[in-house]
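> My file is structure-v9.cif. It has mmCIF, C-alpha atoms and all ligand atoms:
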data_work
loop_
_atom_site.label_atom_id
_atom_site.label_comp_id
_atom_site.auth_asym_id
_atom_site.auth_seq_id
_atom_site.Cartn_x
_atom_site.Cartn_y
_atom_site.Cartn_z
CA MET A 1 108.06 118.73 134.31
CA ASN A 2 105.89 121.88 134.26
CA ILE A 3 104.16 122.13 130.89
CA ALA A 4 101.95 124.72 129.17
CA LEU A 5 99.61 123.71 126.35
CA ILE A 6 99.02 126.29 123.62
CA GLY A 7 95.95 125.53 121.49
CA CYS A 8 93.13 123.49 122.96
CA GLY A 9 90.88 122.73 120.00
CA TYR A 10 90.00 119.27 118.65
CA TRP A 11 93.48 117.78 119.02
CA GLY A 12 94.69 119.96 121.91
CA LYS A 13 91.94 118.47 124.10
CA ASN A 14 93.65 115.09 123.81
CA TYR A 15 96.89 116.67 125.05
CA LEU A 16 94.93 118.27 127.89
CA ARG A 17 93.68 114.86 129.05
CA VAL A 18 97.00 113.05 128.52
CA LEU A 19 99.20 115.70 130.15
CA ASP A 20 96.82 115.79 133.10
CA GLU A 21 96.79 111.99 133.44
CA LEU A 22 100.53 111.29 133.15
CA ALA A 23 102.46 111.24 136.42
CA GLU A 24 105.56 112.55 134.60
CA THR A 25 103.93 115.81 133.47
CA ASN A 26 102.42 118.68 135.40
CA LEU A 27 100.11 120.69 133.15
CA VAL A 28 100.16 124.15 134.72
CA GLU A 29 98.63 126.37 132.06
CA VAL A 30 96.42 126.18 128.98
CA VAL A 31 96.47 128.97 126.40
CA ASP A 32 93.86 129.47 123.71
CA GLN A 33 92.76 132.60 121.91
CA ASN A 34 89.15 131.49 122.27
CA PRO A 35 87.78 132.36 125.76
CA ALA A 36 84.92 129.83 125.37
CA VAL A 37 87.52 127.04 125.08
CA LEU A 38 89.25 128.30 128.24
CA ALA A 39 85.93 128.39 130.13
CA GLN A 40 85.43 124.68 129.33
CA VAL A 41 88.97 123.90 130.51
CA LYS A 42 88.45 125.83 133.77
CA ASN A 43 85.18 124.04 134.38
CA LYS A 44 86.75 120.58 134.13
CA TYR A 45 90.24 121.35 135.46
CA PRO A 46 89.85 124.22 138.00
CA LEU A 47 93.48 124.00 139.18
CA ILE A 48 94.96 124.64 135.71
CA GLN A 49 95.71 128.31 134.87
CA THR A 50 94.27 129.66 131.61
CA SER A 51 95.32 132.52 129.34
CA THR A 52 94.60 133.97 125.91
CA ASP A 53 98.15 135.36 125.55
CA TYR A 54 100.90 132.85 124.78
CA THR A 55 103.68 135.45 125.01
CA ALA A 56 102.86 136.09 128.68
CA THR A 57 102.76 132.33 129.40
CA LEU A 58 106.08 131.69 127.64
CA ALA A 59 107.76 134.43 129.70
CA LYS A 60 106.96 132.62 132.98
CA SER A 61 109.97 131.06 134.67
CA ASN A 62 108.03 128.17 136.26
CA ILE A 63 107.24 126.65 132.83
CA ASP A 64 109.83 124.15 131.54
CA ALA A 65 108.24 123.00 128.31
CA VAL A 66 105.39 123.77 125.95
CA VAL A 67 103.13 121.80 123.63
CA VAL A 68 101.94 123.74 120.56
CA ALA A 69 98.64 122.38 119.20
CA THR A 70 97.34 125.44 117.37
CA THR A 71 96.51 125.50 113.65
CA ALA A 72 99.50 124.81 111.38
CA SER A 73 99.96 128.36 110.06
CA THR A 74 100.47 129.71 113.61
CA HIS A 75 103.19 127.24 114.68
CA LEU A 76 106.13 129.37 113.51
CA PRO A 77 105.67 132.55 115.63
CA ILE A 78 104.68 130.53 118.73
CA ALA A 79 107.65 128.16 118.37
CA GLU A 80 110.04 131.09 117.83
CA GLU A 81 108.78 132.76 121.01
CA ALA A 82 109.12 129.51 122.97
CA ILE A 83 112.75 129.09 121.85
CA ARG A 84 113.48 132.75 122.67
CA ASN A 85 112.25 132.03 126.19
CA GLY A 86 114.35 128.86 126.52
CA LYS A 87 111.38 126.43 126.64
CA HIS A 88 111.57 122.85 125.34
CA LEU A 89 108.86 122.42 122.74
CA LEU A 90 106.67 119.76 121.19
CA VAL A 91 105.02 121.21 118.08
CA GLU A 92 102.14 119.48 116.30
CA LYS A 93 102.59 118.41 112.70
CA PRO A 94 103.29 119.98 110.28
CA LEU A 95 106.13 121.74 112.10
CA THR A 96 105.53 124.86 109.97
CA ILE A 97 104.29 125.32 106.42
CA ASP A 98 107.71 126.19 104.96
CA PRO A 99 110.78 123.90 104.99
CA ALA A 100 113.19 126.85 105.31
CA ASP A 101 111.34 128.02 108.44
CA CYS A 102 111.43 124.45 109.83
CA LEU A 103 115.18 124.26 109.40
CA ARG A 104 115.69 127.71 110.91
CA LEU A 105 113.59 126.74 113.94
CA THR A 106 115.53 123.48 114.31
CA GLU A 107 118.87 125.26 114.23
CA ARG A 108 117.68 127.94 116.66
CA ALA A 109 116.49 125.30 119.11
CA GLU A 110 119.83 123.47 118.84
CA LYS A 111 121.72 126.72 119.46
CA ALA A 112 119.50 127.63 122.42
CA GLY A 113 119.94 124.14 123.91
CA VAL A 114 116.19 123.41 123.97
CA LEU A 115 114.57 120.24 122.71
CA LEU A 116 112.37 120.56 119.62
CA MET A 117 110.11 117.61 118.84
CA VAL A 118 107.31 117.31 116.26
CA GLY A 119 104.01 115.54 116.95
CA HIS A 120 104.28 112.79 114.35
CA THR A 121 102.05 110.59 116.50
CA PHE A 122 102.22 107.50 114.32
CA LEU A 123 105.91 107.08 115.07
CA TYR A 124 104.79 106.42 118.67
CA ASN A 125 102.04 104.02 117.63
CA ASP A 126 102.78 100.50 118.86
CA SER A 127 101.30 98.93 115.71
CA VAL A 128 103.57 100.98 113.44
CA ARG A 129 106.54 99.97 115.61
CA LYS A 130 105.44 96.32 115.32
CA MET A 131 105.16 96.69 111.55
CA LYS A 132 108.75 97.95 111.39
CA ASP A 133 109.94 94.98 113.50
CA ILE A 134 108.15 92.55 111.16
CA LEU A 135 109.61 94.20 108.07
CA LYS A 136 113.10 93.86 109.52
CA GLU A 137 112.73 90.06 109.89
CA ASP A 138 114.55 87.91 107.32
CA ALA A 139 111.24 86.15 106.70
CA SER A 140 109.86 89.36 105.16
CA GLY A 141 112.46 89.73 102.41
CA GLU A 142 113.09 93.01 100.65
CA ILE A 143 110.45 95.75 100.60
CA TYR A 144 109.03 96.31 97.10
CA TYR A 145 106.63 99.15 97.86
CA LEU A 146 104.40 100.81 100.48
CA THR A 147 100.87 102.09 100.01
CA ALA A 148 98.75 104.19 102.36
CA ARG A 149 95.14 105.31 102.28
CA ARG A 150 93.78 107.95 104.67
CA ASN A 151 90.26 108.78 103.55
CA HIS A 152 87.13 110.09 105.26
CA LEU A 153 84.67 112.99 105.25
CA GLY A 154 86.67 115.95 106.64
CA THR A 155 87.92 117.24 108.99
CA ILE A 156 88.12 120.15 106.54
CA ARG A 157 90.75 122.68 107.59
CA GLU A 158 90.84 126.36 106.75
CA ASP A 159 94.60 126.88 106.59
CA VAL A 160 96.00 123.75 104.88
CA SER A 161 94.93 121.20 102.25
CA ALA A 162 94.16 117.49 102.79
CA LEU A 163 97.70 116.81 101.56
CA TRP A 164 99.27 118.89 104.33
CA ASP A 165 96.85 117.67 106.97
CA LEU A 166 96.74 113.94 106.28
CA ALA A 167 99.71 112.91 104.12
CA ALA A 168 102.09 114.31 106.74
CA HIS A 169 101.35 111.14 108.74
CA ASP A 170 102.10 108.72 105.90
CA ILE A 171 105.27 110.50 104.79
CA ALA A 172 106.53 110.21 108.37
CA ILE A 173 105.49 106.53 108.59
CA PHE A 174 107.13 105.60 105.25
CA THR A 175 110.44 107.24 106.20
CA TYR A 176 110.34 105.50 109.57
CA LEU A 177 109.61 102.05 108.07
CA LEU A 178 112.20 102.35 105.31
CA ASP A 179 114.88 104.33 107.18
CA GLN A 180 115.11 106.23 103.89
CA GLU A 181 113.92 109.60 102.64
CA PRO A 182 112.20 109.86 99.23
CA LEU A 183 114.30 111.02 96.29
CA SER A 184 111.47 112.36 94.16
CA LEU A 185 107.70 112.31 93.84
CA SER A 186 104.81 113.17 91.63
CA ALA A 187 101.38 114.16 92.88
CA VAL A 188 98.00 115.16 91.54
CA GLY A 189 95.15 116.63 93.52
CA GLY A 190 91.57 117.81 93.18
CA CYS A 191 89.66 120.76 94.68
CA TYR A 192 86.08 119.49 94.81
CA LEU A 193 84.78 121.44 97.83
CA ARG A 194 86.36 124.83 97.12
CA GLU A 195 88.89 126.53 94.90
CA GLY A 196 92.59 126.60 95.70
CA ARG A 197 92.81 123.98 98.45
CA GLU A 198 93.01 120.31 97.44
CA ASP A 199 90.69 117.98 99.33
CA VAL A 200 92.01 114.89 97.51
CA CYS A 201 95.60 113.97 96.64
CA PHE A 202 97.30 110.96 95.04
CA MET A 203 101.06 110.90 95.44
CA THR A 204 103.74 108.50 94.19
CA LEU A 205 107.15 108.58 95.88
CA ASN A 206 110.47 107.10 94.75
CA TYR A 207 112.92 105.86 97.37
CA PRO A 208 116.49 104.59 96.97
CA GLY A 209 116.81 101.06 95.61
CA GLY A 210 113.69 101.30 93.47
CA VAL A 211 111.29 101.14 96.43
CA MET A 212 108.03 102.93 95.63
CA GLY A 213 105.46 104.56 97.87
CA HIS A 214 101.90 105.58 97.14
CA ILE A 215 99.73 107.79 99.34
CA GLN A 216 96.06 108.53 98.83
CA VAL A 217 94.35 111.11 101.07
CA SER A 218 90.83 112.46 100.88
CA TRP A 219 88.39 114.64 102.81
CA VAL A 220 85.46 113.68 100.56
CA ASP A 221 85.29 109.90 100.85
CA ALA A 222 82.39 108.54 102.94
CA ASN A 223 84.27 105.31 103.68
CA LYS A 224 86.74 105.88 106.50
CA VAL A 225 90.07 104.15 105.77
CA ARG A 226 93.29 104.40 107.75
CA GLU A 227 95.74 101.83 106.43
CA VAL A 228 99.36 101.33 105.48
CA ILE A 229 100.44 98.24 103.51
CA ALA A 230 103.95 96.98 102.83
CA ILE A 231 104.48 94.54 99.96
CA THR A 232 107.72 92.64 100.30
CA GLY A 233 109.36 89.76 98.48
CA LYS A 234 107.80 87.28 100.91
CA ARG A 235 104.93 88.99 102.71
CA ARG A 236 102.12 91.50 102.67
CA VAL A 237 102.03 93.42 105.97
CA LEU A 238 98.92 95.47 106.71
CA PHE A 239 98.44 98.10 109.42
CA ASN A 240 94.77 98.94 109.84
CA ASP A 241 94.41 101.66 112.45
CA LEU A 242 90.63 101.16 112.59
CA ASP A 243 90.90 97.50 113.64
CA SER A 244 91.66 97.47 117.35
CA LEU A 245 91.65 93.66 117.50
CA GLU A 246 93.90 92.92 114.51
CA SER A 247 95.73 96.18 113.81
CA ILE A 248 98.52 94.22 112.06
CA ARG A 249 97.94 91.32 109.65
CA VAL A 250 100.70 89.43 107.91
CA PHE A 251 100.07 87.45 104.71
CA GLU A 252 102.82 84.98 103.95
CA LYS A 253 101.77 84.66 100.36
CA GLY A 254 103.51 85.90 97.29
CA ILE A 255 105.04 85.19 93.91
CA SER A 256 108.41 83.45 93.69
CA PHE A 257 110.75 82.67 90.88
CA ASP A 258 110.69 78.93 90.08
CA GLU A 259 114.35 78.00 90.28
CA GLY A 260 113.56 74.40 89.26
CA ALA A 261 112.28 75.44 85.82
CA GLU A 262 114.43 73.72 83.19
CA SER A 263 113.87 75.91 80.17
CA PHE A 264 112.92 79.50 79.56
CA GLY A 265 109.69 78.31 77.97
CA GLU A 266 108.51 76.69 81.19
CA PHE A 267 106.28 78.55 83.63
CA GLN A 268 108.85 80.32 85.79
CA TYR A 269 106.82 81.92 88.54
CA LEU A 270 105.15 80.18 91.46
CA LEU A 271 102.24 81.40 93.52
CA ARG A 272 103.34 80.86 97.11
CA ASP A 273 100.58 80.04 99.60
CA GLY A 274 101.16 80.51 103.32
CA ASN A 275 99.80 81.62 106.65
CA ILE A 276 97.84 84.73 107.43
CA PHE A 277 98.32 85.85 111.03
CA SER A 278 97.79 88.77 113.40
CA PRO A 279 100.64 89.24 115.86
CA LYS A 280 99.85 90.46 119.34
CA VAL A 281 100.43 94.19 119.75
CA GLU A 282 100.51 95.77 123.20
CA ARG A 283 98.72 98.96 122.21
CA LYS A 284 99.17 101.94 124.50
CA GLU A 285 97.76 105.33 123.56
CA PRO A 286 100.18 106.77 120.94
CA LEU A 287 99.82 110.30 122.31
CA LYS A 288 100.84 109.08 125.77
CA ASN A 289 103.87 107.30 124.27
CA GLN A 290 104.73 110.50 122.42
CA CYS A 291 104.43 112.76 125.50
CA LEU A 292 106.53 110.34 127.58
CA HIS A 293 109.18 110.26 124.85
CA PHE A 294 109.23 114.09 124.92
CA VAL A 295 109.79 114.13 128.69
CA HIS A 296 112.44 111.37 128.60
CA CYS A 297 114.37 113.10 125.79
CA ILE A 298 114.39 116.37 127.77
CA GLU A 299 115.54 114.54 130.90
CA ASP A 300 118.34 112.48 129.37
CA GLY A 301 119.26 114.81 126.48
CA SER A 302 118.57 112.17 123.82
CA ARG A 303 117.36 112.92 120.32
CA PRO A 304 113.63 112.41 119.68
CA VAL A 305 112.51 110.02 116.91
CA SER A 306 110.55 112.94 115.40
CA ASP A 307 113.06 115.72 115.96
CA GLY A 308 113.15 119.06 114.12
CA ARG A 309 115.10 117.58 111.20
CA ASN A 310 112.58 114.78 110.77
CA GLY A 311 109.76 117.36 110.91
CA THR A 312 111.63 119.47 108.32
CA MET A 313 111.97 116.46 106.00
CA VAL A 314 108.20 115.87 106.14
CA VAL A 315 107.50 119.52 105.28
CA ARG A 316 110.04 119.39 102.45
CA VAL A 317 108.19 116.41 100.95
CA LEU A 318 104.83 118.16 101.40
CA ARG A 319 106.19 121.25 99.66
CA ALA A 320 107.50 119.11 96.78
CA ALA A 321 104.08 117.44 96.49
CA SER A 322 102.34 120.85 96.36
CA GLU A 323 104.76 121.90 93.61
CA SER A 324 104.13 118.69 91.66
CA MET A 325 100.35 119.18 91.97
CA ARG A 326 100.75 122.74 90.66
CA GLN A 327 102.56 121.27 87.64
CA HIS A 328 99.88 118.58 87.09
CA GLY A 329 101.94 115.66 88.37
CA LYS A 330 105.41 116.57 87.09
CA GLU A 331 108.20 114.69 88.90
CA VAL A 332 109.80 116.90 91.57
CA PHE A 333 113.13 116.04 93.16
CA ILE A 334 113.46 116.41 96.93
CA GLU A 335 116.41 118.00 98.65
CA LYS A 336 118.10 115.57 101.02
CA SER A 337 118.31 116.33 104.76
CA ALA A 338 121.71 117.59 105.92
N1 LIG B 1 98.96 114.20 115.42
C1 LIG B 1 97.70 114.02 115.06
O1 LIG B 1 97.24 112.90 114.90
C2 LIG B 1 96.84 115.22 114.86
C3 LIG B 1 95.44 115.09 114.77
C4 LIG B 1 94.68 116.24 114.59
C5 LIG B 1 95.30 117.49 114.50
N2 LIG B 1 96.67 117.56 114.59
C6 LIG B 1 97.35 118.87 114.49
O2 LIG B 1 97.05 119.63 115.66
C7 LIG B 1 97.00 121.03 115.33
C8 LIG B 1 95.65 121.59 115.77
O3 LIG B 1 94.62 120.94 115.07
P1 LIG B 1 93.12 120.94 115.64
O4 LIG B 1 92.36 119.96 114.83
O5 LIG B 1 93.11 120.80 117.11
O6 LIG B 1 92.67 122.44 115.24
P2 LIG B 1 91.51 123.28 115.93
O7 LIG B 1 91.20 124.39 114.97
O8 LIG B 1 90.40 122.40 116.40
O9 LIG B 1 92.21 123.88 117.24
C9 LIG B 1 93.20 124.87 117.21
C10 LIG B 1 93.07 125.68 118.50
O10 LIG B 1 94.16 126.60 118.55
C11 LIG B 1 93.67 127.86 118.98
N3 LIG B 1 94.59 128.90 118.46
C12 LIG B 1 94.86 129.20 117.16
N4 LIG B 1 95.75 130.20 117.08
C13 LIG B 1 96.08 130.52 118.35
C14 LIG B 1 96.96 131.47 118.94
N5 LIG B 1 97.69 132.30 118.18
N6 LIG B 1 97.03 131.55 120.30
C15 LIG B 1 96.29 130.73 121.07
N7 LIG B 1 95.44 129.80 120.58
C16 LIG B 1 95.33 129.71 119.25
C17 LIG B 1 92.26 127.97 118.41
O11 LIG B 1 91.46 128.88 119.14
C18 LIG B 1 91.78 126.51 118.55
O12 LIG B 1 91.12 126.30 119.80
C19 LIG B 1 97.26 121.12 113.82
O13 LIG B 1 98.61 121.39 113.60
C20 LIG B 1 96.92 119.72 113.31
O14 LIG B 1 97.64 119.35 112.15
C21 LIG B 1 97.43 116.47 114.78
#
Before anything else, please render the file you have as structure tokens.
Ligand SMILES: NC(=O)c1ccc[n+]([C@@H]2O[C@H](COP(=O)([O-])OP(=O)(O)OC[C@H]3O[C@@H](n4cnc5c(N)ncnc54)[C@H](O)[C@@H]3O)[C@@H](O)[C@H]2O)c1

Amino acid sequence: MNIALIGCGYWGKNYLRVLDELAETNLVEVVDQNPAVLAQVKNKYPLIQTSTDYTATLAKSNIDAVVVATTASTHLPIAEEAIRNGKHLLVEKPLTIDPADCLRLTERAEKAGVLLMVGHTFLYNDSVRKMKDILKEDASGEIYYLTARRNHLGTIREDVSALWDLAAHDIAIFTYLLDQEPLSLSAVGGCYLREGREDVCFMTLNYPGGVMGHIQVSWVDANKVREVIAITGKRRVLFNDLDSLESIRVFEKGISFDEGAESFGEFQYLLRDGNIFSPKVERKEPLKNQCLHFVHCIEDGSRPVSDGRNGTMVVRVLRAASESMRQHGKEVFIEKSA
């Protein structure tokens, strides 16, 4: 599969390495508007073509597919041009910064018969997949709520807020774990570094069946945290992305209703003590899993886990959260995916 990479900044460099390493992909061209970036690419990978003009690259007939890893606000015109030229495309998250544009892109790709996938990397993370398997076990019971914290110093972006940059991951993870989209949310945020762009956001989401979600993201917290926790009727399941040895921990402790209690006056709840364990997770690089999934979906025509509709749903939730923040935490209802 001949692939072009458009955007080779902080994250694009990971694609550069992965697409070069994988046997299934042939990275033929790298596009970036910054010539200094292209000089670095040429120095390390002399056989890869470079260009500052994505329109010229997308017009080439030897390119089958394209990865778009430019800044979020530029995804729309680049993706539109890729679809016009009949290229399969993997666009970094967020797909675009407007849900209507996301849906339009998705429909155009479907009509043109090209595959559109969004880079929601955590859906290709083996620990997140393991967490979903554990939550599906009878021994987990029903999910009460999910919480996520994604805090650190930066990386501060010029075109989107911390909400759009970081919470996109957790919204995608929650929907994947629950197989449900949120019905409504409320969010508050703070602009501590500069006016008009929140660097901190606290969001509460409501899912069908009374399941709650809470997401905390920050660019101004010196303690790096990357965790998702599920609290169920029988377990607490923790995914800690910073712990390579024990990325998943399961606590079989909880509170149960004491069915043996004879009268209402008796103590009716029991603290349940149990094991704490870390299941083995075969962790491969999520970005490699994601790129392989992209190639396999193109080859066999199957639908990607993070397809255009999934990417649109994430942007719809982000837009609702921005609206709620503007209204100081007012509950905003979210349109359901078609
Ligand atoms: N999936 C993940 O875990 C993850 C992690 C980090 C970033 N990202 C996403 O990746 C994307 C890029 O983020 P980044 O941190 O690499 O940003 P960055 O600013 O470091 O890099 C963006 C690159 O795109 C280039 N560029 C911008 N507009 C262009 C255009 N019109 N034509 C050609 N090149 C252009 C810039 O010169 C720059 O080199 C964003 O959408 C971000 O949300 C995803």
> Quick one: residues within 10 Å of Ser161 (chain A), all atoms listed in the file, excluding same-chain residues fewer than 2 positions away - as a VMD selection string?
chain A and resid 156 to 159 163 to 167 189 191 196 to 201 218 to 219 322
> Excluding Thr50 (chain A) and any residue of its chain fewer than 4 positions from it, enumerate the residues within 6 Å of it, using all atoms listed in the file, and give them as a list in words.
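Once the nearby chain positions are removed, what remains is Glu29, Val30 and Val31 of chain A.
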> Separation of CA of His75 (chain A) and CA of Gly154 (chain A), in Å?
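Between CA of His75 (chain A) and CA of Gly154 (chain A) the gap works out to 21.6 Å.
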> Edge lengths and centre in Å to one decimal, as AutoDock Vina command-line options, of the axis-aligned box that encloses all listed atoms of region 47-50 of chain A with 8 Å added on every side?

--center_x 94.6 --center_y 126.8 --center_z 135.4 --size_x 18.2 --size_y 21.7 --size_z 23.6
> Smallest atom-to-atom distance to Lys253 (chain A): which of A:Val225, A:Ala139, A:Leu22, A:Ile97, using all atoms listed in the file?
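Under the stated criterion, the closest residue is A:Ala139.
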> Give the answer as one residue: which of A:Glu107, A:Val305, A:Cys291, A:Gln40 has the shortest atom-to-atom distance to Asp20 (chain A), using all atoms listed in the file?
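For Asp20 (chain A), the nearest of the given residues is A:Cys291.
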> Can you tell me which residues surround Tyr124 (chain A) at a distance of at most 6 Å, considering only C-alpha atoms, apart from same-chain residues fewer than 2 positions away, and format the answer as a list in words?
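That gives Thr121, Phe122, Pro286, Asn289 and Gln290 of chain A.
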> Would you mind exporting C-alpha atoms of the selected residues as a CSV table (one decimal), in the coordinates of the input?

chain,number,residue,atom,x,y,z
A,121,THR,CA,102.0,110.6,116.5
A,122,PHE,CA,102.2,107.5,114.3
A,286,PRO,CA,100.2,106.8,120.9
A,289,ASN,CA,103.9,107.3,124.3
A,290,GLN,CA,104.7,110.5,122.4
> What's the separation between CA of Val314 (chain A) and CA of Glu227 (chain A), in Å to one decimal place?
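Between CA of Val314 (chain A) and CA of Glu227 (chain A) the gap is 18.8 Å.
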> At most 9 Å is the cut-off: for each residue in chain A with any atom that close to an atom of ligand LIG 1 (chain B), write down the nearest atom pair and the distance in Å rounded to one decimal, counting all atoms listed in the file, chain first then increasing number, as JSON lines.

{"residue": "A:Ile6", "atom": "CA", "partner": "B:LIG1", "partner_atom": "C15", "distance": 5.8}
{"residue": "A:Gly7", "atom": "CA", "partner": "B:LIG1", "partner_atom": "O10", "distance": 3.6}
{"residue": "A:Cys8", "atom": "CA", "partner": "B:LIG1", "partner_atom": "O12", "distance": 4.7}
{"residue": "A:Gly9", "atom": "CA", "partner": "B:LIG1", "partner_atom": "O9", "distance": 3.3}
{"residue": "A:Tyr10", "atom": "CA", "partner": "B:LIG1", "partner_atom": "O5", "distance": 3.8}
{"residue": "A:Trp11", "atom": "CA", "partner": "B:LIG1", "partner_atom": "O5", "distance": 3.6}
{"residue": "A:Gly12", "atom": "CA", "partner": "B:LIG1", "partner_atom": "O5", "distance": 5.1}
{"residue": "A:Lys13", "atom": "CA", "partner": "B:LIG1", "partner_atom": "O5", "distance": 7.5}
{"residue": "A:Asn14", "atom": "CA", "partner": "B:LIG1", "partner_atom": "O5", "distance": 8.8}
{"residue": "A:Val31", "atom": "CA", "partner": "B:LIG1", "partner_atom": "C15", "distance": 5.6}
{"residue": "A:Asp32", "atom": "CA", "partner": "B:LIG1", "partner_atom": "N7", "distance": 3.5}
{"residue": "A:Gln33", "atom": "CA", "partner": "B:LIG1", "partner_atom": "C15", "distance": 4.1}
{"residue": "A:Asn34", "atom": "CA", "partner": "B:LIG1", "partner_atom": "O11", "distance": 4.7}
{"residue": "A:Pro35", "atom": "CA", "partner": "B:LIG1", "partner_atom": "O11", "distance": 8.3}
{"residue": "A:Val37", "atom": "CA", "partner": "B:LIG1", "partner_atom": "O12", "distance": 6.4}
{"residue": "A:Leu38", "atom": "CA", "partner": "B:LIG1", "partner_atom": "O12", "distance": 8.9}
{"residue": "A:Ser51", "atom": "CA", "partner": "B:LIG1", "partner_atom": "C15", "distance": 8.5}
{"residue": "A:Thr52", "atom": "CA", "partner": "B:LIG1", "partner_atom": "C15", "distance": 6.1}
{"residue": "A:Asp53", "atom": "CA", "partner": "B:LIG1", "partner_atom": "N6", "distance": 6.6}
{"residue": "A:Tyr54", "atom": "CA", "partner": "B:LIG1", "partner_atom": "N6", "distance": 6.1}
{"residue": "A:Val68", "atom": "CA", "partner": "B:LIG1", "partner_atom": "C7", "distance": 7.7}
{"residue": "A:Ala69", "atom": "CA", "partner": "B:LIG1", "partner_atom": "C7", "distance": 4.4}
{"residue": "A:Thr70", "atom": "CA", "partner": "B:LIG1", "partner_atom": "O10", "distance": 3.6}
{"residue": "A:Thr71", "atom": "CA", "partner": "B:LIG1", "partner_atom": "C19", "distance": 4.4}
{"residue": "A:Ala72", "atom": "CA", "partner": "B:LIG1", "partner_atom": "O13", "distance": 4.2}
{"residue": "A:Ser73", "atom": "CA", "partner": "B:LIG1", "partner_atom": "O13", "distance": 7.9}
{"residue": "A:Thr74", "atom": "CA", "partner": "B:LIG1", "partner_atom": "N4", "distance": 5.9}
{"residue": "A:His75", "atom": "CA", "partner": "B:LIG1", "partner_atom": "O13", "distance": 7.5}
{"residue": "A:Pro77", "atom": "CA", "partner": "B:LIG1", "partner_atom": "N5", "distance": 8.4}
{"residue": "A:Ile78", "atom": "CA", "partner": "B:LIG1", "partner_atom": "N5", "distance": 7.2}
{"residue": "A:Val91", "atom": "CA", "partner": "B:LIG1", "partner_atom": "O13", "distance": 7.8}
{"residue": "A:Glu92", "atom": "CA", "partner": "B:LIG1", "partner_atom": "O13", "distance": 4.8}
{"residue": "A:Lys93", "atom": "CA", "partner": "B:LIG1", "partner_atom": "O13", "distance": 5.1}
{"residue": "A:Pro94", "atom": "CA", "partner": "B:LIG1", "partner_atom": "O13", "distance": 5.9}
{"residue": "A:Leu95", "atom": "CA", "partner": "B:LIG1", "partner_atom": "O13", "distance": 7.7}
{"residue": "A:Thr96", "atom": "CA", "partner": "B:LIG1", "partner_atom": "O13", "distance": 8.6}
{"residue": "A:Val118", "atom": "CA", "partner": "B:LIG1", "partner_atom": "N1", "distance": 8.9}
{"residue": "A:Gly119", "atom": "CA", "partner": "B:LIG1", "partner_atom": "N1", "distance": 5.4}
{"residue": "A:His120", "atom": "CA", "partner": "B:LIG1", "partner_atom": "N1", "distance": 5.6}
{"residue": "A:Thr121", "atom": "CA", "partner": "B:LIG1", "partner_atom": "N1", "distance": 4.9}
{"residue": "A:Phe122", "atom": "CA", "partner": "B:LIG1", "partner_atom": "O1", "distance": 7.4}
{"residue": "A:Thr155", "atom": "CA", "partner": "B:LIG1", "partner_atom": "O4", "distance": 7.8}
{"residue": "A:Arg157", "atom": "CA", "partner": "B:LIG1", "partner_atom": "O7", "distance": 7.6}
{"residue": "A:Glu158", "atom": "CA", "partner": "B:LIG1", "partner_atom": "O7", "distance": 8.5}
{"residue": "A:Val160", "atom": "CA", "partner": "B:LIG1", "partner_atom": "O14", "distance": 8.7}
{"residue": "A:Trp164", "atom": "CA", "partner": "B:LIG1", "partner_atom": "O14", "distance": 8.0}
{"residue": "A:Asp165", "atom": "CA", "partner": "B:LIG1", "partner_atom": "O14", "distance": 5.5}
{"residue": "A:Leu166", "atom": "CA", "partner": "B:LIG1", "partner_atom": "O14", "distance": 8.0}
{"residue": "A:Ala168", "atom": "CA", "partner": "B:LIG1", "partner_atom": "O14", "distance": 8.6}
{"residue": "A:His169", "atom": "CA", "partner": "B:LIG1", "partner_atom": "O1", "distance": 7.6}
{"residue": "A:Leu287", "atom": "CA", "partner": "B:LIG1", "partner_atom": "N1", "distance": 8.0}
> Here is a test: counting only C-alpha atoms, which residue of A:Leu318, A:Ile3, A:Leu16, A:Leu89 is nearest to Asn62 (chain A)?
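Nearest candidate to Asn62 (chain A) out of A:Leu318, A:Ile3, A:Leu16, A:Leu89: A:Ile3.
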> Could you check the closest approach to Phe239 (chain A) for each of A:Arg326, A:Arg150, A:His293, A:Lys288 and tell me which residue wins, using all atoms listed in the file?
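With all atoms listed in the file as the atom set, the closest residue is A:Arg150.
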> Which distance in Å separates CA of Tyr144 (chain A) and CA of Phe202 (chain A), to one decimal?
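These two atoms are separated by 18.9 Å.
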> Pick out the residues sitting within 10 Å of Glu80 (chain A), and hand them over as a count of residues only; count all atoms listed in the file, and ignore anything fewer than 3 positions along from it in its own chain.
12
> Identify which of the residues A:Ile48, A:Met325, A:Leu242, A:Ile231 lies closest to Ser140 (chain A), counting all atoms listed in the file when measuring atom-to-atom distances.
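Checking each candidate against Ser140 (chain A), we get A:Ile231 as the closest.
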> My list of candidates is A:Ala56, A:Leu116, A:Val315, A:Val128. Which is closest to Arg283 (chain A) when distances are computed with only C-alpha atoms?
A:Val128
> Using all atoms listed in the file, which residues sit within 8 Å of Thr147 (chain A) once same-chain residues fewer than 6 positions away are excluded, as a list in words?
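The contact residues come out as Gly213, His214, Ile215, Val228, Ile229 and Ala230 of chain A.
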